[in-house]
>>> print(open('coords-v2.txt').read())   # compact mmCIF, C-alpha atoms
# COMPACT_ATOMS: atom_id res chain seq x y z
CA MET A 266 -10.01 11.01 13.24
CA MET A 267 -10.75 11.93 9.62
CA MET A 268 -8.15 10.71 7.13
CA LYS A 269 -6.18 13.45 5.39
CA PRO A 270 -6.99 13.76 1.66
CA THR A 271 -4.45 11.63 -0.19
CA VAL A 272 -3.07 11.14 -3.68
CA PHE A 273 -2.39 7.44 -4.31
CA ILE A 274 -0.04 6.46 -7.13
CA HIS A 275 -0.32 2.72 -7.72
CA THR A 276 2.50 0.88 -9.43
CA SER A 277 4.69 -2.21 -9.68
CA SER A 278 8.43 -2.79 -9.57
CA HIS A 279 8.50 -2.33 -13.37
CA GLU A 280 7.17 1.23 -13.12
CA ILE A 281 8.53 2.38 -9.77
CA LEU A 282 10.77 5.11 -11.20
CA SER A 283 7.95 6.77 -13.12
CA ALA A 284 5.82 6.54 -9.95
CA LYS A 285 8.52 8.36 -7.99
CA VAL A 286 8.74 11.04 -10.68
CA ALA A 287 4.94 11.35 -10.62
CA HIS A 288 5.13 11.84 -6.85
CA PHE A 289 7.79 14.51 -7.31
CA SER A 290 5.66 16.33 -9.90
CA HIS A 291 2.98 16.95 -7.25
CA LEU A 292 5.58 18.34 -4.85
CA LEU A 293 6.78 20.68 -7.57
CA PHE A 294 3.44 22.00 -8.80
CA SER A 295 1.31 22.18 -5.65
CA ASN A 296 1.10 25.19 -3.34
CA SER A 297 -1.06 23.24 -0.89
CA LEU A 298 1.20 20.40 0.21
CA ASP A 299 0.16 20.74 3.85
CA ALA A 300 -3.44 19.97 2.85
CA PHE A 301 -2.90 16.45 1.48
CA ASP A 302 -0.64 13.40 1.54
CA ILE A 303 0.94 11.49 -1.34
CA LYS A 304 1.47 7.73 -1.19
CA VAL A 305 2.95 5.26 -3.64
CA VAL A 306 1.49 1.74 -3.34
CA ARG A 307 3.07 -1.27 -5.08
CA ILE A 308 1.43 -4.50 -6.14
CA GLU A 309 4.47 -6.39 -4.75
CA ASP A 310 3.43 -5.30 -1.25
CA TYR A 311 0.43 -7.64 -1.52
CA PRO A 312 1.95 -11.15 -1.74
CA GLU A 313 -1.44 -12.87 -1.54
CA PHE A 314 -2.36 -11.11 -4.77
CA ILE A 315 1.00 -11.77 -6.43
CA ALA A 316 0.32 -15.46 -5.75
CA ARG A 317 -2.52 -15.26 -8.30
CA HIS A 318 0.04 -14.93 -11.11
CA GLY A 319 -1.28 -16.66 -14.24
CA SER A 320 -4.77 -17.16 -12.81
CA THR A 321 -7.60 -17.19 -15.31
CA VAL A 322 -10.15 -14.35 -15.36
CA LEU A 323 -12.75 -12.99 -17.75
CA ARG A 324 -12.12 -9.84 -19.76
CA HIS A 325 -14.50 -8.62 -22.45
CA GLY A 326 -16.40 -11.83 -21.72
CA LYS A 327 -13.47 -13.99 -22.90
CA GLU A 328 -10.96 -16.12 -21.05
CA ALA A 329 -7.91 -14.10 -20.05
CA ALA A 330 -5.32 -14.09 -17.27
CA TRP A 331 -3.44 -11.84 -14.87
CA TYR A 332 0.37 -11.79 -14.78
CA LYS A 333 2.62 -10.20 -12.17
CA ASP A 334 5.57 -9.63 -14.51
CA VAL A 335 4.19 -7.20 -17.09
CA PRO A 336 4.31 -3.38 -17.02
CA GLN A 337 0.64 -2.89 -16.07
CA SER A 338 0.23 -5.65 -13.51
CA PHE A 339 -0.77 -3.02 -10.95
CA LEU A 340 -4.16 -2.15 -12.50
CA PRO A 341 -6.37 -4.12 -10.04
CA LEU A 342 -4.64 -2.40 -7.11
CA ARG A 343 -6.42 0.89 -7.85
CA PHE A 344 -9.58 -0.42 -6.20
CA ILE A 345 -7.93 -0.86 -2.80
CA VAL A 346 -7.77 2.90 -2.18
CA PRO A 347 -11.05 3.38 -0.21
CA GLN A 348 -10.00 0.52 2.06
CA LEU A 349 -6.59 2.14 2.64
CA MET A 350 -8.47 5.33 3.52
CA GLU A 351 -10.58 3.36 6.04
CA PHE A 352 -13.61 4.28 3.93
CA GLN A 353 -13.51 7.94 4.85
CA GLY A 354 -12.44 11.21 3.29
CA ARG A 355 -11.24 12.16 -0.16
CA ALA A 356 -8.65 10.35 -2.29
CA LEU A 357 -7.24 10.68 -5.78
CA LEU A 358 -5.95 7.59 -7.56
CA THR A 359 -3.56 7.82 -10.52
CA ASP A 360 -1.42 5.55 -12.65
CA PRO A 361 2.38 5.86 -12.34
CA ASP A 362 2.63 7.38 -15.84
CA ILE A 363 0.55 10.45 -14.90
CA PHE A 364 2.38 13.66 -14.04
CA ALA A 365 1.07 16.86 -12.47
CA THR A 366 1.44 20.13 -14.35
CA ALA A 367 -0.84 22.03 -11.94
CA ASP A 368 -1.88 22.00 -8.28
CA VAL A 369 -3.86 18.81 -7.73
CA TRP A 370 -5.45 20.29 -4.61
CA GLU A 371 -7.85 22.03 -6.98
CA LEU A 372 -9.23 18.60 -7.80
CA LEU A 373 -8.92 17.03 -4.34
CA SER A 374 -10.92 19.87 -2.80
CA ARG A 375 -13.67 19.84 -5.42
CA ASP A 376 -17.32 19.53 -4.45
CA MET A 377 -18.36 16.10 -5.76
CA GLY A 378 -22.05 16.64 -5.11
CA ASP A 379 -23.78 13.29 -4.77
CA LYS A 380 -21.13 11.38 -6.79
CA SER A 381 -18.98 8.64 -5.31
CA VAL A 382 -16.43 8.70 -8.12
CA LEU A 383 -15.28 11.20 -10.74
CA SER A 384 -13.40 9.80 -13.72
CA ARG A 385 -12.83 10.57 -17.39
CA ARG A 386 -14.59 8.65 -20.12
CA PRO A 387 -12.26 6.76 -22.49
CA GLY A 388 -11.72 7.88 -26.05
CA LYS A 389 -13.97 5.07 -27.26
CA GLY A 390 -16.33 2.59 -25.71
CA ASP A 391 -18.57 2.92 -22.70
CA GLY A 392 -17.78 3.22 -19.03
CA PHE A 393 -14.93 5.27 -17.56
CA ASN A 394 -11.14 5.28 -17.59
CA SER A 395 -10.31 4.45 -13.99
CA SER A 396 -6.61 5.40 -14.36
CA VAL A 397 -7.58 8.67 -12.61
CA MET A 398 -10.34 8.54 -10.02
CA LEU A 399 -11.44 11.14 -7.51
CA LEU A 400 -13.04 9.13 -4.72
CA ALA A 401 -15.46 10.02 -1.93
CA CYS A 402 -14.32 7.06 0.15
CA GLU A 403 -17.15 7.21 2.69
CA LYS A 404 -19.54 6.43 -0.17
CA LEU A 405 -17.59 3.33 -1.23
CA PRO A 406 -17.88 0.87 1.71
CA HIS A 407 -18.61 -1.90 -0.81
CA TRP A 408 -15.12 -1.54 -2.36
CA LYS A 409 -13.66 -4.31 -0.21
CA TRP A 410 -10.61 -5.20 -2.25
CA ASN A 411 -10.21 -8.87 -1.35
CA ASP A 412 -13.88 -9.50 -2.08
CA MET A 413 -13.64 -7.66 -5.41
CA MET A 414 -10.56 -9.63 -6.45
CA GLU A 415 -12.20 -12.88 -5.42
CA ALA A 416 -15.16 -12.01 -7.66
CA VAL A 417 -12.77 -11.32 -10.55
CA PHE A 418 -10.77 -14.52 -10.17
CA GLN A 419 -13.89 -16.61 -9.69
CA LYS A 420 -15.15 -15.06 -12.95
CA ARG A 421 -18.20 -13.55 -11.32
CA LEU A 422 -17.01 -10.07 -12.28
CA ASP A 423 -15.55 -9.35 -15.72
CA LEU A 424 -12.25 -7.55 -15.27
CA GLN A 425 -13.11 -5.06 -17.99
CA ASP A 426 -16.33 -4.17 -16.19
CA LEU A 427 -14.22 -3.53 -13.09
CA ILE A 428 -11.63 -1.40 -14.92
CA ARG A 429 -14.37 0.62 -16.69
CA LEU A 430 -16.37 1.10 -13.46
CA ARG A 431 -19.42 -0.58 -14.99
CA PHE A 432 -20.06 -2.37 -11.69
CA GLU A 433 -20.96 0.98 -10.09
CA PRO A 434 -24.49 2.45 -10.41
CA GLU A 435 -24.53 4.87 -13.32
CA GLU A 436 -25.74 7.74 -11.15
CA ALA A 437 -22.80 7.30 -8.73
CA VAL A 438 -20.07 8.16 -11.25
CA GLY A 439 -19.47 11.64 -12.62
CA GLU A 440 -17.25 12.72 -15.49
CA LEU A 441 -13.87 14.41 -15.14
CA GLU A 442 -12.72 17.02 -17.64
CA ARG A 443 -10.04 15.87 -20.07
CA GLU A 444 -7.35 18.13 -18.53
CA TRP A 445 -7.40 15.98 -15.37
CA ASN A 446 -6.44 12.89 -17.37
CA ASP A 447 -4.91 14.26 -20.56
CA TYR A 448 -4.08 11.35 -22.86
CA ASP A 449 -0.68 12.05 -24.45
CA ARG A 450 -1.51 15.72 -24.87
CA LEU A 451 0.39 18.50 -23.14
CA ASP A 452 -0.97 21.99 -23.69
CA LYS A 453 -1.93 25.12 -21.73
CA ASP A 454 -5.00 23.39 -20.23
CA THR A 455 -3.32 20.15 -19.11
CA LYS A 456 -3.31 19.53 -15.36
CA LEU A 457 -2.49 15.83 -15.24
CA LEU A 458 -0.46 14.54 -18.21
CA HIS A 459 -1.03 10.84 -18.91
CA ASN A 460 1.57 9.13 -21.10
CA THR A 461 -0.90 6.42 -22.07
CA SER A 462 1.00 4.80 -24.95
CA GLN A 463 3.50 2.37 -23.45
CA LYS A 464 5.46 2.22 -26.68
CA THR A 465 6.36 5.93 -26.56
CA GLN A 466 6.86 6.55 -22.85
CA PRO A 467 9.91 8.84 -22.59
CA TRP A 468 11.69 6.81 -19.90
CA LYS A 469 11.75 3.68 -22.10
CA THR A 470 12.88 5.00 -25.49
CA GLY A 471 15.13 2.50 -27.29
CA LEU A 472 14.52 -0.44 -24.94
CA PRO A 473 13.54 -3.72 -26.59
CA PHE A 474 10.27 -5.41 -25.75
CA LYS A 475 8.31 -8.52 -26.58
CA LEU A 476 4.83 -7.76 -27.85
CA GLU A 477 3.33 -10.61 -25.86
CA ASN A 478 4.76 -9.16 -22.63
CA MET A 479 3.37 -5.64 -23.12
CA ASN A 480 -0.06 -6.23 -21.64
CA ASN A 481 -1.49 -8.34 -18.90
CA PHE A 482 -4.93 -9.89 -18.76
CA TYR A 483 -4.63 -11.58 -22.17
CA LYS A 484 -4.00 -15.26 -21.73
CA LYS A 485 -0.64 -16.26 -23.14
CA LYS A 486 -0.54 -18.98 -25.76
CA GLU A 487 1.57 -22.03 -25.14
CA LYS A 488 3.34 -21.53 -28.46
CA THR A 489 3.57 -18.56 -30.75
CA SER A 490 2.79 -18.93 -34.44
CA LEU A 491 6.50 -18.56 -35.17
CA GLU A 492 7.39 -21.37 -32.77
CA LYS A 493 4.88 -23.66 -34.44
CA LEU A 494 6.31 -22.86 -37.84
CA LEU A 495 9.85 -23.53 -36.65
CA GLU A 496 8.80 -27.03 -35.60
CA PHE A 497 8.72 -27.77 -39.31
CA ARG A 498 12.42 -27.05 -39.68
CA GLY A 499 13.62 -27.75 -43.17
CA LYS A 500 10.12 -27.51 -44.59
CA GLY A 501 9.58 -23.79 -44.11
CA THR A 502 11.10 -21.00 -46.14
CA LEU A 503 11.78 -17.35 -45.50
CA LYS A 504 8.86 -16.53 -47.76
CA MET A 505 6.62 -18.76 -45.67
CA LEU A 506 7.71 -17.05 -42.49
CA ARG A 507 7.07 -13.61 -43.93
CA ALA A 508 3.58 -14.68 -44.88
CA ALA A 509 2.80 -15.84 -41.35
CA LYS A 510 0.30 -13.59 -39.63
CA ASN A 511 1.75 -10.87 -37.36
CA ILE A 512 5.29 -12.28 -37.41
CA ALA A 513 8.31 -10.04 -37.91
CA VAL A 514 11.31 -11.91 -39.33
CA THR A 515 13.72 -9.04 -39.80
CA GLY A 516 15.75 -10.20 -36.82
CA GLU A 517 15.41 -6.74 -35.24
CA PRO A 518 13.72 -6.60 -31.82
CA ARG A 519 10.79 -4.27 -31.32
CA VAL A 520 11.81 -1.19 -29.37
CA TYR A 521 10.07 1.60 -27.52
CA ARG A 522 9.89 4.61 -29.83
CA LYS A 523 10.70 8.25 -29.21
CA HIS A 524 7.63 10.26 -28.19
CA SER A 525 6.17 12.26 -31.07
CA ASP A 526 5.81 15.35 -28.85
CA PRO A 527 9.23 16.80 -27.89
CA ASN A 528 7.63 18.76 -25.04
CA GLN A 529 6.34 15.61 -23.36
CA GLU A 530 9.72 13.91 -23.57
CA GLU A 531 11.49 17.01 -22.27
CA PHE A 532 8.92 17.42 -19.49
CA PHE A 533 9.52 13.94 -18.07
CA LEU A 534 13.29 14.21 -18.40
CA SER A 535 13.27 17.62 -16.72
CA LEU A 536 11.18 16.23 -13.85
CA LEU A 537 13.67 13.40 -13.35
CA LYS A 538 16.62 15.78 -13.62
CA GLU A 539 15.18 18.03 -10.92
CA ALA A 540 14.22 15.05 -8.72
CA LEU A 541 17.83 13.86 -8.92
CA ARG A 542 19.15 17.33 -8.11
CA GLU A 543 16.84 17.53 -5.08
CA LYS A 544 17.84 13.96 -4.13
CA PHE A 545 14.21 12.91 -4.11
CA VAL A 546 15.40 10.18 -6.50
CA GLU A 547 18.87 8.73 -5.96
CA LYS A 548 21.29 8.30 -8.86
CA ASP A 549 22.17 4.75 -7.76
CA PHE A 550 18.49 3.84 -7.84
CA VAL A 551 18.19 5.03 -11.45
CA LYS A 552 21.33 3.07 -12.38
CA ALA A 553 19.79 -0.06 -10.87
CA GLU A 554 16.58 0.47 -12.85
CA VAL A 555 18.65 0.79 -16.03
CA ARG A 556 20.44 -2.48 -15.25
CA MET A 557 17.09 -4.23 -14.76
CA GLY A 558 15.88 -3.01 -18.14
CA HIS A 559 13.10 -0.85 -16.75
CA ILE A 560 14.62 2.46 -17.88
CA ARG A 561 16.28 3.53 -21.13
CA ARG A 562 20.02 2.93 -21.23
CA ASP A 563 20.88 6.52 -22.18
CA ILE A 564 18.79 8.14 -19.44
CA PHE A 565 21.64 10.21 -17.97
CA GLN A 566 22.74 11.45 -21.38
CA ALA A 567 19.11 12.30 -22.16
CA ILE A 568 18.58 14.38 -19.02
CA GLY A 569 21.94 16.05 -19.66
CA ARG A 570 20.50 17.50 -22.87
CA VAL A 571 17.58 19.14 -21.03
CA ASN A 572 17.98 22.87 -20.48
CA ARG A 573 14.53 23.90 -19.21
CA SER A 574 12.90 23.18 -15.87
CA PRO A 575 9.46 21.49 -15.68
CA VAL A 576 7.90 24.79 -14.62
CA GLU A 577 9.49 26.62 -17.56
CA ILE A 578 8.15 24.00 -19.98
CA VAL A 579 4.62 24.32 -18.62
CA GLU A 580 4.79 28.12 -18.60
CA SER A 581 5.95 28.15 -22.21
CA LEU A 582 2.73 26.39 -23.25
CA LYS A 583 0.66 29.26 -21.86
CA CYS A 584 2.31 31.93 -23.99
>>> encode(input="coords-v2.txt", output="structure tokens")
Amino acid sequence: MMMKPTVFIHTSSHEILSAKVAHFSHLLFSNSLDAFDIKVVRIEDYPEFIARHGSTVLRHGKEAAWYKDVPQSFLPLRFIVPQLMEFQGRALLTDPDIFATADVWELLSRDMGDKSVLSRRPGKGDGFNSSVMLLACEKLPHWKWNDMMEAVFQKRLDLQDLIRLRFEPEEAVGELEREWNDYDRLDKDTKLLHNTSQKTQPWKTGLPFKLENMNNFYKKKEKTSLEKLLEFRGKGTLKMLRAAKNIAVTGEPRVYRKHSDPNQEEFFLSLLKEALREKFVEKDFVKAEVRMGHIRRDIFQAIGRVNRSPVEIVESLKC
């Protein structure tokens, strides 16, 4: 039996709330919910992959590593989708920070011609941004996830080549319009809003973070420059510390900033508010995510200040 077209939202425990809100956004904006399924897949559900924590890989041709405990640990999971679809039918893969503002069935039901994958090109560089991929799964029998991951961790496949879809024949990949993966831009044409900048994601505003823990795939150093300097206790001075490359000595932790676009912040908060009202997301679950430091501490106060629904926000952009 043919698999039903499916939207896959891949995530980790760090980003599970935004994944749930992304799921809810499709329920809210689609008029064709009987035509497709929506599934959230988590990297933690694959313990054999989690066991690779800290393993060395290649990225951009340089030694790097993969870590399970950073916000974007889920990236390699996106390539398991054809296998989950039993290599048949149509699937759409998205990151957990991508929210529907239109009916995604328009994309899922698109004629892909002879293409195996449709994806948007990044703002710079070659290849494609695989954070959104429309997949003709029957044309991707070679996407056997365990084999692909083995190639990555044995350094036979550069991780960046995987993420940018450079391992696929050029003629097999077609280009998606920007509105189907709209990088931090919400306007009348947006259909999938992607809050790409981790530092301004509306559900994290005000939370502290360590710069070295923001991104996976870059091999962590045994000691930071500041730690090496502090080994010379008594010899260093404040002036010396301030001169050290890329070291902040103000004593203030780095924090996630408020999004520069009020509409994007309000849109996410309104989605969460409505998901809570519909009990698609439980209040106790959000409280637990706050306690774990995954979600901003003032999240309930923030959604309390929202007066418009997600649909009203989107409609206002079309005026």
>>> atom_distance(input="coords-v2.txt", atom1="atom CA of A:His291", atom2="atom CA of A:His407")
29.4 Å
>>> atom_distance(input="coords-v2.txt", atom1="atom CA of A:His559", atom2="atom CA of A:Pro473")
10.3 Å
>>> closest_residue(input="coords-v2.txt", among="A:Ile345, A:Leu293, A:Cys402, A:Ile315", to="A:Pro270", atoms="all atoms listed in the file")
A:Cys402
>>> residues_around(input="coords-v2.txt", residues="A:Lys453", least_positions_apart="2", cutoff="6 Å", atoms="all atoms listed in the file", output="ChimeraX atom specification")
/A:455,582-583
>>> atom_distance(input="coords-v2.txt", atom1="atom CA of A:Leu400", atom2="atom CA of A:Met377")
8.8 Å
>>> residues_around(input="coords-v2.txt", residues="A:Phe532", least_positions_apart="6", cutoff="9 Å", atoms="all atoms listed in the file", output="list in words")
Val571, Arg573, Ser574, Pro575, Val576, Ile578 and Val579 of chain A
>>> closest_residue(input="coords-v2.txt", among="A:Val369, A:Ser525, A:Ser396, A:Tyr332", to="A:Ile303", atoms="all atoms listed in the file")
A:Val369
>>> residues_around(input="coords-v2.txt", residues="A:Gln566", least_positions_apart="5", cutoff="12 Å", atoms="all atoms listed in the file", output="list of chain:residue names")
A:Leu534, A:Lys538, A:Arg561, A:Val571
>>> residues_around(input="coords-v2.txt", residues="A:Trp468", least_positions_apart="3", cutoff="9 Å", atoms="only C-alpha atoms", output="PyMOL selection string")
chain A and resi 282-283+465+530+533-534+559-561+564
>>> closest_residue(input="coords-v2.txt", among="A:Lys409, A:His459, A:Arg556, A:Lys327", to="A:Leu349", atoms="all atoms listed in the file")
A:Lys409
>>> residues_around(input="coords-v2.txt", residues="A:Leu458", least_positions_apart="4", cutoff="7 Å", atoms="all atoms listed in the file", output="mmCIF file with C-alpha atoms, in the coordinates of the input")
data_model
loop_
_atom_site.group_PDB
_atom_site.id
_atom_site.type_symbol
_atom_site.label_atom_id
_atom_site.label_comp_id
_atom_site.auth_asym_id
_atom_site.auth_seq_id
_atom_site.Cartn_x
_atom_site.Cartn_y
_atom_site.Cartn_z
ATOM 1 C CA ILE A 363 0.550 10.450 -14.900
ATOM 2 C CA PHE A 364 2.380 13.660 -14.040
ATOM 3 C CA ALA A 365 1.070 16.860 -12.470
ATOM 4 C CA ASN A 446 -6.440 12.890 -17.370
ATOM 5 C CA ASP A 447 -4.910 14.260 -20.560
ATOM 6 C CA TYR A 448 -4.080 11.350 -22.860
ATOM 7 C CA ASP A 449 -0.680 12.050 -24.450
ATOM 8 C CA ARG A 450 -1.510 15.720 -24.870
ATOM 9 C CA LEU A 451 0.390 18.500 -23.140
#
>>> decode(input="coords-v2.txt", residues="stretch 395-410 of chain A", atoms="N, CA and C atoms", output="PDB file, in the first residue's frame")
ATOM      1  N   SER A 395      19.229  22.057   3.071  1.00  0.00           N
ATOM      2  CA  SER A 395      18.386  20.879   3.226  1.00  0.00           C
ATOM      3  C   SER A 395      17.448  20.964   4.431  1.00  0.00           C
ATOM      4  N   SER A 396      17.327  22.139   5.058  1.00  0.00           N
ATOM      5  CA  SER A 396      16.411  22.297   6.194  1.00  0.00           C
ATOM      6  C   SER A 396      14.959  22.144   5.774  1.00  0.00           C
ATOM      7  N   VAL A 397      14.654  22.378   4.500  1.00  0.00           N
ATOM      8  CA  VAL A 397      13.352  22.049   3.905  1.00  0.00           C
ATOM      9  C   VAL A 397      13.630  21.257   2.641  1.00  0.00           C
ATOM     10  N   MET A 398      13.087  20.051   2.573  1.00  0.00           N
ATOM     11  CA  MET A 398      13.259  19.226   1.377  1.00  0.00           C
ATOM     12  C   MET A 398      11.932  18.578   1.017  1.00  0.00           C
ATOM     13  N   LEU A 399      11.524  18.759  -0.223  1.00  0.00           N
ATOM     14  CA  LEU A 399      10.413  17.992  -0.778  1.00  0.00           C
ATOM     15  C   LEU A 399      11.025  16.777  -1.455  1.00  0.00           C
ATOM     16  N   LEU A 400      10.596  15.587  -1.059  1.00  0.00           N
ATOM     17  CA  LEU A 400      11.267  14.359  -1.466  1.00  0.00           C
ATOM     18  C   LEU A 400      10.334  13.422  -2.228  1.00  0.00           C
ATOM     19  N   ALA A 401      10.790  12.968  -3.392  1.00  0.00           N
ATOM     20  CA  ALA A 401      10.141  11.871  -4.110  1.00  0.00           C
ATOM     21  C   ALA A 401      10.838  10.594  -3.643  1.00  0.00           C
ATOM     22  N   CYS A 402      10.318   9.978  -2.615  1.00  0.00           N
ATOM     23  CA  CYS A 402      11.050   8.937  -1.891  1.00  0.00           C
ATOM     24  C   CYS A 402      11.364   7.714  -2.740  1.00  0.00           C
ATOM     25  N   GLU A 403      10.521   7.430  -3.739  1.00  0.00           N
ATOM     26  CA  GLU A 403      10.788   6.269  -4.592  1.00  0.00           C
ATOM     27  C   GLU A 403      12.032   6.464  -5.445  1.00  0.00           C
ATOM     28  N   LYS A 404      12.476   7.712  -5.577  1.00  0.00           N
ATOM     29  CA  LYS A 404      13.681   8.002  -6.360  1.00  0.00           C
ATOM     30  C   LYS A 404      14.937   8.081  -5.483  1.00  0.00           C
ATOM     31  N   LEU A 405      14.784   7.750  -4.195  1.00  0.00           N
ATOM     32  CA  LEU A 405      15.905   7.888  -3.265  1.00  0.00           C
ATOM     33  C   LEU A 405      16.217   6.580  -2.537  1.00  0.00           C
ATOM     34  N   PRO A 406      16.262   5.442  -3.253  1.00  0.00           N
ATOM     35  CA  PRO A 406      16.548   4.167  -2.578  1.00  0.00           C
ATOM     36  C   PRO A 406      17.968   4.106  -2.023  1.00  0.00           C
ATOM     37  N   HIS A 407      18.839   4.995  -2.489  1.00  0.00           N
ATOM     38  CA  HIS A 407      20.224   5.009  -2.010  1.00  0.00           C
ATOM     39  C   HIS A 407      20.376   5.795  -0.712  1.00  0.00           C
ATOM     40  N   TRP A 408      19.296   6.429  -0.223  1.00  0.00           N
ATOM     41  CA  TRP A 408      19.363   7.148   1.049  1.00  0.00           C
ATOM     42  C   TRP A 408      19.126   6.165   2.205  1.00  0.00           C
ATOM     43  N   LYS A 409      20.024   5.229   2.350  1.00  0.00           N
ATOM     44  CA  LYS A 409      19.962   4.289   3.473  1.00  0.00           C
ATOM     45  C   LYS A 409      20.715   4.927   4.626  1.00  0.00           C
ATOM     46  N   TRP A 410      19.972   5.316   5.649  1.00  0.00           N
ATOM     47  CA  TRP A 410      20.495   6.231   6.672  1.00  0.00           C
ATOM     48  C   TRP A 410      21.718   5.680   7.400  1.00  0.00           C
TER      49      TRP A 410
END
